[in-house]
$ cat structure_27.cif   # mmCIF, C-alpha atoms
data_start
loop_
_atom_site.label_atom_id
_atom_site.label_comp_id
_atom_site.auth_asym_id
_atom_site.auth_seq_id
_atom_site.Cartn_x
_atom_site.Cartn_y
_atom_site.Cartn_z
CA MET P 219 -3.45 -28.42 32.95
CA ARG P 220 -5.70 -27.59 30.02
CA ASN P 221 -7.20 -30.53 28.11
CA THR P 222 -8.97 -28.62 25.36
CA PRO P 223 -7.15 -27.05 22.39
CA ILE P 224 -6.64 -23.31 22.13
CA ILE P 225 -8.64 -22.05 19.15
CA ASN P 226 -8.12 -18.60 17.64
CA VAL P 227 -10.18 -17.03 14.86
CA VAL P 228 -8.55 -14.63 12.39
CA ILE P 229 -10.83 -12.25 10.46
CA PRO P 230 -9.28 -9.95 7.84
CA ALA P 231 -11.48 -6.85 7.54
CA PHE P 232 -11.51 -3.90 5.18
CA ASN P 233 -14.38 -1.46 5.66
CA GLU P 234 -16.70 -3.96 7.35
CA GLU P 235 -18.27 -1.67 9.99
CA LYS P 236 -21.79 -2.82 9.08
CA SER P 237 -21.06 -6.52 9.37
CA ILE P 238 -18.12 -7.18 11.68
CA ALA P 239 -20.09 -7.03 14.94
CA LYS P 240 -22.52 -9.64 13.58
CA VAL P 241 -19.63 -11.94 12.70
CA ILE P 242 -18.00 -11.58 16.10
CA GLY P 243 -21.33 -11.93 17.91
CA ASP P 244 -22.06 -15.28 16.25
CA ILE P 245 -18.80 -16.87 17.38
CA ASP P 246 -19.10 -19.34 20.25
CA ARG P 247 -16.74 -17.97 22.88
CA ASN P 248 -16.98 -21.21 24.86
CA LEU P 249 -15.18 -22.81 21.93
CA VAL P 250 -12.98 -19.97 20.69
CA ASP P 251 -10.40 -18.42 23.00
CA GLU P 252 -9.68 -15.27 21.02
CA VAL P 253 -11.20 -13.51 18.02
CA ILE P 254 -8.58 -11.54 16.11
CA VAL P 255 -9.81 -8.93 13.64
CA VAL P 256 -7.11 -7.55 11.38
CA ASN P 257 -8.16 -4.10 10.29
CA ASN P 258 -6.71 -3.89 6.79
CA ASN P 259 -6.39 -0.12 6.33
CA SER P 260 -10.13 0.53 6.69
CA THR P 261 -11.42 4.06 6.21
CA ASP P 262 -14.62 3.51 8.21
CA ASN P 263 -15.27 2.52 11.85
CA THR P 264 -14.36 -1.16 11.50
CA LEU P 265 -11.71 -0.89 14.22
CA LYS P 266 -13.96 0.61 16.91
CA VAL P 267 -16.94 -1.59 16.07
CA ALA P 268 -14.80 -4.73 16.25
CA GLN P 269 -13.25 -3.68 19.56
CA ASN P 270 -16.66 -2.90 21.04
CA ALA P 271 -17.87 -6.33 19.92
CA GLY P 272 -15.12 -8.01 21.94
CA ALA P 273 -12.41 -8.76 19.41
CA VAL P 274 -8.70 -8.12 19.65
CA VAL P 275 -8.02 -5.72 16.77
CA LEU P 276 -4.70 -5.47 14.95
CA THR P 277 -3.93 -2.97 12.20
CA GLU P 278 -2.27 -3.90 8.92
CA LYS P 279 -1.84 -0.81 6.75
CA ARG P 280 -0.66 -2.69 3.69
CA LYS P 281 -3.71 -3.64 1.67
CA GLY P 282 -4.03 -7.31 0.93
CA TYR P 283 -5.91 -10.32 2.28
CA GLY P 284 -2.66 -12.24 2.72
CA TYR P 285 -0.99 -9.38 4.56
CA ALA P 286 -3.90 -9.32 7.01
CA CYS P 287 -3.84 -13.08 7.54
CA LEU P 288 -0.08 -13.10 8.13
CA LEU P 289 -0.37 -10.46 10.83
CA GLY P 290 -3.20 -12.41 12.45
CA ILE P 291 -1.04 -15.52 12.48
CA GLU P 292 1.64 -13.66 14.42
CA ARG P 293 -0.91 -13.05 17.16
CA THR P 294 -1.96 -16.72 17.20
CA ARG P 295 1.68 -17.69 17.71
CA ALA P 296 1.90 -15.40 20.71
CA ASN P 297 -1.26 -17.04 22.05
CA THR P 298 0.22 -20.52 21.46
CA ALA P 299 -2.98 -21.44 19.63
CA ASP P 300 -3.44 -25.06 18.61
CA ILE P 301 -5.95 -24.39 15.83
CA VAL P 302 -6.42 -21.30 13.68
CA VAL P 303 -9.75 -20.60 11.99
CA PHE P 304 -10.05 -18.11 9.14
CA LEU P 305 -13.31 -16.52 8.02
CA ASP P 306 -14.42 -13.33 6.31
CA GLY P 307 -15.72 -10.22 8.01
CA ASP P 308 -18.60 -9.54 5.61
CA TYR P 309 -21.09 -11.93 7.29
CA SER P 310 -21.31 -14.19 4.25
CA ASP P 311 -19.99 -17.12 6.30
CA TYR P 312 -21.90 -18.60 9.23
CA PRO P 313 -19.61 -18.34 12.28
CA GLN P 314 -21.93 -20.73 14.15
CA GLN P 315 -20.42 -23.48 11.98
CA ILE P 316 -16.92 -23.11 13.43
CA LYS P 317 -17.47 -26.25 15.50
CA GLU P 318 -18.33 -28.20 12.35
CA VAL P 319 -15.20 -26.93 10.63
CA VAL P 320 -12.81 -27.77 13.48
CA THR P 321 -14.36 -31.13 14.40
CA PRO P 322 -12.39 -33.18 11.80
CA ILE P 323 -9.18 -31.76 13.31
CA LEU P 324 -10.28 -32.68 16.81
CA ASP P 325 -11.80 -36.08 16.05
CA GLN P 326 -9.92 -37.32 12.98
CA ASP P 327 -6.55 -35.59 13.42
CA MET P 328 -6.92 -33.70 10.15
CA ASP P 329 -4.31 -31.02 9.46
CA MET P 330 -6.66 -28.72 7.57
CA VAL P 331 -10.39 -28.43 6.92
CA ILE P 332 -11.96 -26.33 4.17
CA GLY P 333 -15.51 -25.09 4.55
CA SER P 334 -16.97 -25.86 1.15
CA ARG P 335 -19.70 -23.63 -0.21
CA ALA P 336 -20.02 -25.97 -3.18
CA LEU P 337 -21.03 -28.83 -0.88
CA GLY P 338 -23.22 -26.70 1.37
CA ASN P 339 -26.28 -24.50 0.97
CA ARG P 340 -25.43 -21.38 -0.97
CA GLU P 341 -27.92 -18.53 -1.04
CA LYS P 342 -28.89 -17.52 -4.55
CA GLY P 343 -26.79 -14.58 -5.67
CA SER P 344 -24.22 -14.97 -2.89
CA MET P 345 -21.51 -15.83 -5.41
CA THR P 346 -21.08 -14.28 -8.83
CA PRO P 347 -20.95 -16.54 -11.90
CA GLN P 348 -17.26 -15.70 -12.31
CA GLN P 349 -16.60 -16.79 -8.71
CA VAL P 350 -18.37 -20.10 -9.26
CA PHE P 351 -16.49 -20.72 -12.50
CA GLY P 352 -13.17 -19.62 -11.00
CA ASN P 353 -13.57 -22.04 -8.09
CA TRP P 354 -14.53 -24.84 -10.45
CA LEU P 355 -11.52 -24.23 -12.68
CA ALA P 356 -9.04 -23.81 -9.83
CA THR P 357 -10.14 -26.98 -8.05
CA ARG P 358 -10.01 -28.97 -11.29
CA LEU P 359 -6.47 -27.73 -11.93
CA MET P 360 -5.42 -28.64 -8.39
CA LYS P 361 -6.74 -32.14 -8.99
CA LEU P 362 -4.88 -32.36 -12.30
CA PHE P 363 -1.55 -30.95 -11.12
CA TYR P 364 -1.45 -32.06 -7.47
CA GLY P 365 -3.97 -34.88 -7.14
CA ALA P 366 -5.77 -32.82 -4.50
CA SER P 367 -9.54 -33.24 -4.29
CA PHE P 368 -11.21 -29.93 -3.40
CA THR P 369 -14.53 -28.42 -4.42
CA ASP P 370 -13.93 -24.86 -3.20
CA LEU P 371 -11.39 -22.19 -2.32
CA GLY P 372 -13.69 -21.00 0.45
CA PRO P 373 -12.25 -18.51 2.96
CA PHE P 374 -13.86 -20.34 5.91
CA ARG P 375 -11.24 -22.87 7.02
CA ALA P 376 -9.36 -24.28 9.98
CA ILE P 377 -5.83 -25.58 10.29
CA LYS P 378 -3.54 -26.91 13.01
CA SER P 379 -0.99 -24.29 13.99
CA THR P 380 1.84 -26.79 13.61
CA SER P 381 0.70 -27.58 10.07
CA LEU P 382 0.28 -23.90 9.23
CA GLU P 383 3.89 -23.23 10.21
CA LYS P 384 5.10 -25.95 7.85
CA LEU P 385 3.35 -24.28 4.91
CA LYS P 386 5.40 -21.07 5.24
CA MET P 387 2.56 -19.00 3.85
CA ALA P 388 3.76 -16.07 1.77
CA ASP P 389 1.05 -14.74 -0.55
CA LYS P 390 0.07 -11.19 0.32
CA THR P 391 -3.11 -10.74 -1.72
CA TYR P 392 -5.64 -12.78 -3.70
CA GLY P 393 -3.72 -16.06 -3.81
CA TRP P 394 -3.79 -16.80 -0.08
CA THR P 395 -6.48 -19.49 -0.06
CA ILE P 396 -5.19 -21.48 -3.01
CA GLU P 397 -1.60 -21.23 -1.75
CA MET P 398 -2.64 -22.90 1.49
CA GLN P 399 -4.46 -25.70 -0.30
CA ILE P 400 -1.72 -26.36 -2.83
CA LYS P 401 1.00 -26.40 -0.18
CA ALA P 402 -1.06 -28.72 2.04
CA ALA P 403 -1.28 -31.11 -0.90
CA LYS P 404 2.43 -30.84 -1.66
CA HIS P 405 3.25 -31.56 1.97
CA LYS P 406 0.93 -34.57 1.82
CA MET P 407 -1.08 -33.32 4.77
CA ASN P 408 -4.39 -34.82 5.82
CA PHE P 409 -7.21 -32.54 4.77
CA CYS P 410 -10.91 -32.68 4.08
CA GLU P 411 -13.90 -30.46 3.36
CA VAL P 412 -17.12 -29.96 5.26
CA PRO P 413 -20.28 -28.37 3.84
CA VAL P 414 -20.89 -24.79 4.96
CA LYS P 415 -23.71 -22.38 4.33
CA TYR P 416 -23.09 -19.14 2.50
CA ARG P 417 -25.20 -15.98 2.13
CA LYS P 418 -25.05 -12.65 0.38
CA ARG P 419 -22.43 -10.51 2.00
CA ILE P 420 -23.12 -7.18 3.63
CA GLY P 421 -21.63 -4.48 1.42
CA VAL P 422 -19.78 -4.80 -1.88
CA SER P 423 -17.02 -7.33 -2.45
CA LYS P 424 -13.57 -5.80 -2.84
CA VAL P 425 -12.63 -8.57 -5.25
CA SER P 426 -15.61 -9.92 -7.19
CA GLY P 427 -17.45 -6.61 -6.88
CA THR P 428 -15.17 -4.94 -9.43
CA VAL P 429 -13.95 -5.95 -12.87
CA LYS P 430 -10.34 -5.21 -11.91
CA GLY P 431 -10.62 -7.26 -8.72
CA THR P 432 -12.15 -10.21 -10.54
CA VAL P 433 -9.49 -10.22 -13.27
CA MET P 434 -6.58 -9.79 -10.86
CA ALA P 435 -7.86 -12.52 -8.56
CA GLY P 436 -8.31 -14.87 -11.50
CA ILE P 437 -4.79 -14.25 -12.75
CA LYS P 438 -3.33 -14.70 -9.28
CA ILE P 439 -5.22 -17.90 -8.54
CA ILE P 440 -4.56 -19.62 -11.85
CA GLY P 441 -0.95 -18.43 -11.77
CA ALA P 442 -0.49 -20.03 -8.36
CA VAL P 443 -1.47 -23.44 -9.72
CA PHE P 444 1.50 -23.33 -12.10
CA LYS P 445 3.89 -21.43 -9.81
CA TYR P 446 3.88 -23.97 -7.00
CA LYS P 447 4.07 -26.90 -9.39
CA PHE P 448 7.54 -25.86 -10.47
CA THR P 449 8.95 -24.59 -7.17
CA ASN P 450 9.89 -26.26 -3.92
CA LYS P 451 8.23 -23.55 -1.86
#
$ encode --input "structure_27.cif" --output "C-alpha cells"
Amino acid sequence: MRNTPIINVVIPAFNEEKSIAKVIGDIDRNLVDEVIVVNNNSTDNTLKVAQNAGAVVLTEKRKGYGYACLLGIERTRANTADIVVFLDGDYSDYPQQIKEVVTPILDQDMDMVIGSRALGNREKGSMTPQQVFGNWLATRLMKLFYGASFTDLGPFRAIKSTSLEKLKMADKTYGWTIEMQIKAAKHKMNFCEVPVKYRKRIGVSKVSGTVKGTVMAGIKIIGAVFKYKFTNK
C-alpha cells in the first residue's frame, strides 16, 4: 500500500516550444508522479517537445487558460491524484520549488498553497507594472470583500484534489487564478502562501504582452471579485 500522496502537475501551454522542455526537465520526478501538459491549440512544436521531454500531453483546442486547466484536472481525476500543482509553461516559475509549495499541504494539512512572487525574489522586468498593480489591487479587494489575505494571484500553486472538487472551478480564461482563491475563501478552506522565485519568461506573454490581453485580464479579474461576492457559486 502506498504511503506517499500522488502528485500531478498540470501545465497549460500555448506556443511554448522553446521553454516547455526546460520546465518539464526541472520537475523532480521522485516527487511528482505525472506531468500533464495541456497543449492549448499551439501552432508550433509544443506538443512534440513536451512529449519528448517526458510529459503526458493533452490537447485542448479551445483557447483559454481555464479551458486548459479544466482538461488537465480531468486527467488528474483519472490518476486519482491527491495533490494537483499548477504552473506555467514559459519557464518563469522555478519548478524546483514544487516541494516548497506542496509542503504546507503535507505537513500542515493546508487545502491550498499559493506561490507568491510578491513574497519571493522577482527578477527585475519579469512582471510588467500593470501586472504588479493588478495583483496589488486584486488582493486588496479580496481582503476587503472576503477577508482573504493574499499577496499574489501567482499561477504557481498546489491544492488538494478533494478541495479542488469542492470549488467547482468554471472560469475558462483569465479569471482562473482569482476564481480559485475567492472560492477557497468562501468555502473557508485552509490556505497559505509561500515565497517563490520568478524570472523573465521565455517568449512573449499572451496576456500582459499585449494591450488587449492586459485590459481583458484586468476586466475579468476585477469583475470576478464582485461576481462571486453576490453569487453562491
$ atom_distance --input "structure_27.cif" --atom1 "atom CA of Ile224 of chain P" --atom2 "atom CA of Asn263 of chain P"
29.1 Å
$ closest_residue --input "structure_27.cif" --among "P:Leu355, P:Val274, P:Ala268, P:Met360" --to "Ser237 of chain P" --atoms "all atoms listed in the file"
P:Ala268
$ resolve_selection --input "structure_27.cif" --expression "the PyMOL selection byres ((chain P and resi 308-313) around 6)" --output "number ranges by chain"
P: 237, 241, 244-245, 306-307, 314-316, 416-420
$ write_last_selection --input "structure_27.cif" --atoms "C-alpha atoms" --output "PDB file, in the frame of the given file"
ATOM      1  CA  SER P 237     -21.060  -6.520   9.370  1.00  0.00           C
ATOM      2  CA  VAL P 241     -19.630 -11.940  12.700  1.00  0.00           C
ATOM      3  CA  ASP P 244     -22.060 -15.280  16.250  1.00  0.00           C
ATOM      4  CA  ILE P 245     -18.800 -16.870  17.380  1.00  0.00           C
ATOM      5  CA  ASP P 306     -14.420 -13.330   6.310  1.00  0.00           C
ATOM      6  CA  GLY P 307     -15.720 -10.220   8.010  1.00  0.00           C
ATOM      7  CA  GLN P 314     -21.930 -20.730  14.150  1.00  0.00           C
ATOM      8  CA  GLN P 315     -20.420 -23.480  11.980  1.00  0.00           C
ATOM      9  CA  ILE P 316     -16.920 -23.110  13.430  1.00  0.00           C
ATOM     10  CA  TYR P 416     -23.090 -19.140   2.500  1.00  0.00           C
ATOM     11  CA  ARG P 417     -25.200 -15.980   2.130  1.00  0.00           C
ATOM     12  CA  LYS P 418     -25.050 -12.650   0.380  1.00  0.00           C
ATOM     13  CA  ARG P 419     -22.430 -10.510   2.000  1.00  0.00           C
ATOM     14  CA  ILE P 420     -23.120  -7.180   3.630  1.00  0.00           C
TER      15      ILE P 420
END
$ closest_residue --input "structure_27.cif" --among "P:Lys317, P:Lys390, P:Lys384, P:Arg335" --to "Leu289 of chain P" --atoms "only C-alpha atoms"
P:Lys390
$ closest_residue --input "structure_27.cif" --among "P:Lys415, P:Arg358, P:Lys386, P:Lys404" --to "Ser334 of chain P" --atoms "all atoms listed in the file"
P:Lys415
$ atom_distance --input "structure_27.cif" --atom1 "atom CA of Ile332 of chain P" --atom2 "atom CA of Ser260 of chain P"
27.0 Å
$ build_atoms --input "structure_27.cif" --residues "segment 261-272 of chain P" --atoms "all heavy atoms" --output "PDB file, keeping the file's coordinate frame"
ATOM      1  N   THR P 261     -11.183   2.621   6.122  1.00  0.00           N
ATOM      2  CA  THR P 261     -11.420   4.060   6.210  1.00  0.00           C
ATOM      3  C   THR P 261     -12.718   4.360   6.957  1.00  0.00           C
ATOM      4  O   THR P 261     -13.109   5.515   7.071  1.00  0.00           O
ATOM      5  CB  THR P 261     -11.473   4.694   4.806  1.00  0.00           C
ATOM      6  OG1 THR P 261     -12.481   4.021   4.032  1.00  0.00           O
ATOM      7  CG2 THR P 261     -10.132   4.568   4.097  1.00  0.00           C
ATOM      8  N   ASP P 262     -13.373   3.314   7.463  1.00  0.00           N
ATOM      9  CA  ASP P 262     -14.620   3.510   8.210  1.00  0.00           C
ATOM     10  C   ASP P 262     -14.368   3.152   9.690  1.00  0.00           C
ATOM     11  O   ASP P 262     -13.238   3.218  10.170  1.00  0.00           O
ATOM     12  CB  ASP P 262     -15.760   2.676   7.608  1.00  0.00           C
ATOM     13  CG  ASP P 262     -15.494   1.171   7.703  1.00  0.00           C
ATOM     14  OD1 ASP P 262     -14.444   0.771   8.271  1.00  0.00           O
ATOM     15  OD2 ASP P 262     -16.336   0.395   7.227  1.00  0.00           O
ATOM     16  N   ASN P 263     -15.400   2.791  10.419  1.00  0.00           N
ATOM     17  CA  ASN P 263     -15.270   2.520  11.850  1.00  0.00           C
ATOM     18  C   ASN P 263     -15.103   1.044  12.190  1.00  0.00           C
ATOM     19  O   ASN P 263     -15.470   0.611  13.293  1.00  0.00           O
ATOM     20  CB  ASN P 263     -16.503   3.074  12.576  1.00  0.00           C
ATOM     21  CG  ASN P 263     -16.515   4.591  12.602  1.00  0.00           C
ATOM     22  OD1 ASN P 263     -15.482   5.215  12.836  1.00  0.00           O
ATOM     23  ND2 ASN P 263     -17.681   5.179  12.363  1.00  0.00           N
ATOM     24  N   THR P 264     -14.568   0.271  11.256  1.00  0.00           N
ATOM     25  CA  THR P 264     -14.360  -1.160  11.500  1.00  0.00           C
ATOM     26  C   THR P 264     -13.614  -1.409  12.798  1.00  0.00           C
ATOM     27  O   THR P 264     -13.998  -2.282  13.590  1.00  0.00           O
ATOM     28  CB  THR P 264     -13.603  -1.805  10.321  1.00  0.00           C
ATOM     29  OG1 THR P 264     -14.417  -1.754   9.141  1.00  0.00           O
ATOM     30  CG2 THR P 264     -13.263  -3.253  10.615  1.00  0.00           C
ATOM     31  N   LEU P 265     -12.557  -0.674  13.041  1.00  0.00           N
ATOM     32  CA  LEU P 265     -11.710  -0.890  14.220  1.00  0.00           C
ATOM     33  C   LEU P 265     -12.515  -0.745  15.507  1.00  0.00           C
ATOM     34  O   LEU P 265     -12.513  -1.646  16.351  1.00  0.00           O
ATOM     35  CB  LEU P 265     -10.533   0.082  14.199  1.00  0.00           C
ATOM     36  CG  LEU P 265      -9.442  -0.116  15.260  1.00  0.00           C
ATOM     37  CD1 LEU P 265      -8.103   0.385  14.730  1.00  0.00           C
ATOM     38  CD2 LEU P 265      -9.772   0.617  16.554  1.00  0.00           C
ATOM     39  N   LYS P 266     -13.204   0.365  15.675  1.00  0.00           N
ATOM     40  CA  LYS P 266     -13.960   0.610  16.910  1.00  0.00           C
ATOM     41  C   LYS P 266     -15.106  -0.377  17.081  1.00  0.00           C
ATOM     42  O   LYS P 266     -15.360  -0.870  18.181  1.00  0.00           O
ATOM     43  CB  LYS P 266     -14.496   2.045  16.922  1.00  0.00           C
ATOM     44  CG  LYS P 266     -13.440   3.112  17.146  1.00  0.00           C
ATOM     45  CD  LYS P 266     -14.066   4.481  17.265  1.00  0.00           C
ATOM     46  CE  LYS P 266     -13.019   5.554  17.507  1.00  0.00           C
ATOM     47  NZ  LYS P 266     -12.312   5.399  18.798  1.00  0.00           N
ATOM     48  N   VAL P 267     -15.814  -0.658  15.986  1.00  0.00           N
ATOM     49  CA  VAL P 267     -16.940  -1.590  16.070  1.00  0.00           C
ATOM     50  C   VAL P 267     -16.451  -2.974  16.488  1.00  0.00           C
ATOM     51  O   VAL P 267     -17.066  -3.642  17.330  1.00  0.00           O
ATOM     52  CB  VAL P 267     -17.684  -1.665  14.711  1.00  0.00           C
ATOM     53  CG1 VAL P 267     -18.745  -2.765  14.733  1.00  0.00           C
ATOM     54  CG2 VAL P 267     -18.326  -0.326  14.381  1.00  0.00           C
ATOM     55  N   ALA P 268     -15.337  -3.415  15.916  1.00  0.00           N
ATOM     56  CA  ALA P 268     -14.800  -4.730  16.250  1.00  0.00           C
ATOM     57  C   ALA P 268     -14.328  -4.781  17.707  1.00  0.00           C
ATOM     58  O   ALA P 268     -14.557  -5.773  18.414  1.00  0.00           O
ATOM     59  CB  ALA P 268     -13.647  -5.078  15.315  1.00  0.00           C
ATOM     60  N   GLN P 269     -13.696  -3.725  18.154  1.00  0.00           N
ATOM     61  CA  GLN P 269     -13.250  -3.680  19.560  1.00  0.00           C
ATOM     62  C   GLN P 269     -14.450  -3.725  20.502  1.00  0.00           C
ATOM     63  O   GLN P 269     -14.445  -4.466  21.487  1.00  0.00           O
ATOM     64  CB  GLN P 269     -12.432  -2.420  19.802  1.00  0.00           C
ATOM     65  CG  GLN P 269     -11.032  -2.457  19.221  1.00  0.00           C
ATOM     66  CD  GLN P 269     -10.274  -1.165  19.449  1.00  0.00           C
ATOM     67  OE1 GLN P 269     -10.873  -0.086  19.544  1.00  0.00           O
ATOM     68  NE2 GLN P 269      -8.956  -1.255  19.533  1.00  0.00           N
ATOM     69  N   ASN P 270     -15.465  -2.942  20.187  1.00  0.00           N
ATOM     70  CA  ASN P 270     -16.660  -2.900  21.040  1.00  0.00           C
ATOM     71  C   ASN P 270     -17.382  -4.242  21.071  1.00  0.00           C
ATOM     72  O   ASN P 270     -18.080  -4.558  22.043  1.00  0.00           O
ATOM     73  CB  ASN P 270     -17.616  -1.799  20.571  1.00  0.00           C
ATOM     74  CG  ASN P 270     -17.068  -0.410  20.816  1.00  0.00           C
ATOM     75  OD1 ASN P 270     -16.185  -0.220  21.661  1.00  0.00           O
ATOM     76  ND2 ASN P 270     -17.561   0.580  20.079  1.00  0.00           N
ATOM     77  N   ALA P 271     -17.208  -5.018  19.990  1.00  0.00           N
ATOM     78  CA  ALA P 271     -17.870  -6.330  19.920  1.00  0.00           C
ATOM     79  C   ALA P 271     -17.071  -7.410  20.653  1.00  0.00           C
ATOM     80  O   ALA P 271     -17.533  -8.546  20.769  1.00  0.00           O
ATOM     81  CB  ALA P 271     -18.076  -6.728  18.469  1.00  0.00           C
ATOM     82  N   GLY P 272     -15.884  -7.063  21.135  1.00  0.00           N
ATOM     83  CA  GLY P 272     -15.120  -8.010  21.940  1.00  0.00           C
ATOM     84  C   GLY P 272     -13.941  -8.677  21.273  1.00  0.00           C
ATOM     85  O   GLY P 272     -13.359  -9.614  21.825  1.00  0.00           O
TER      86      GLY P 272
END
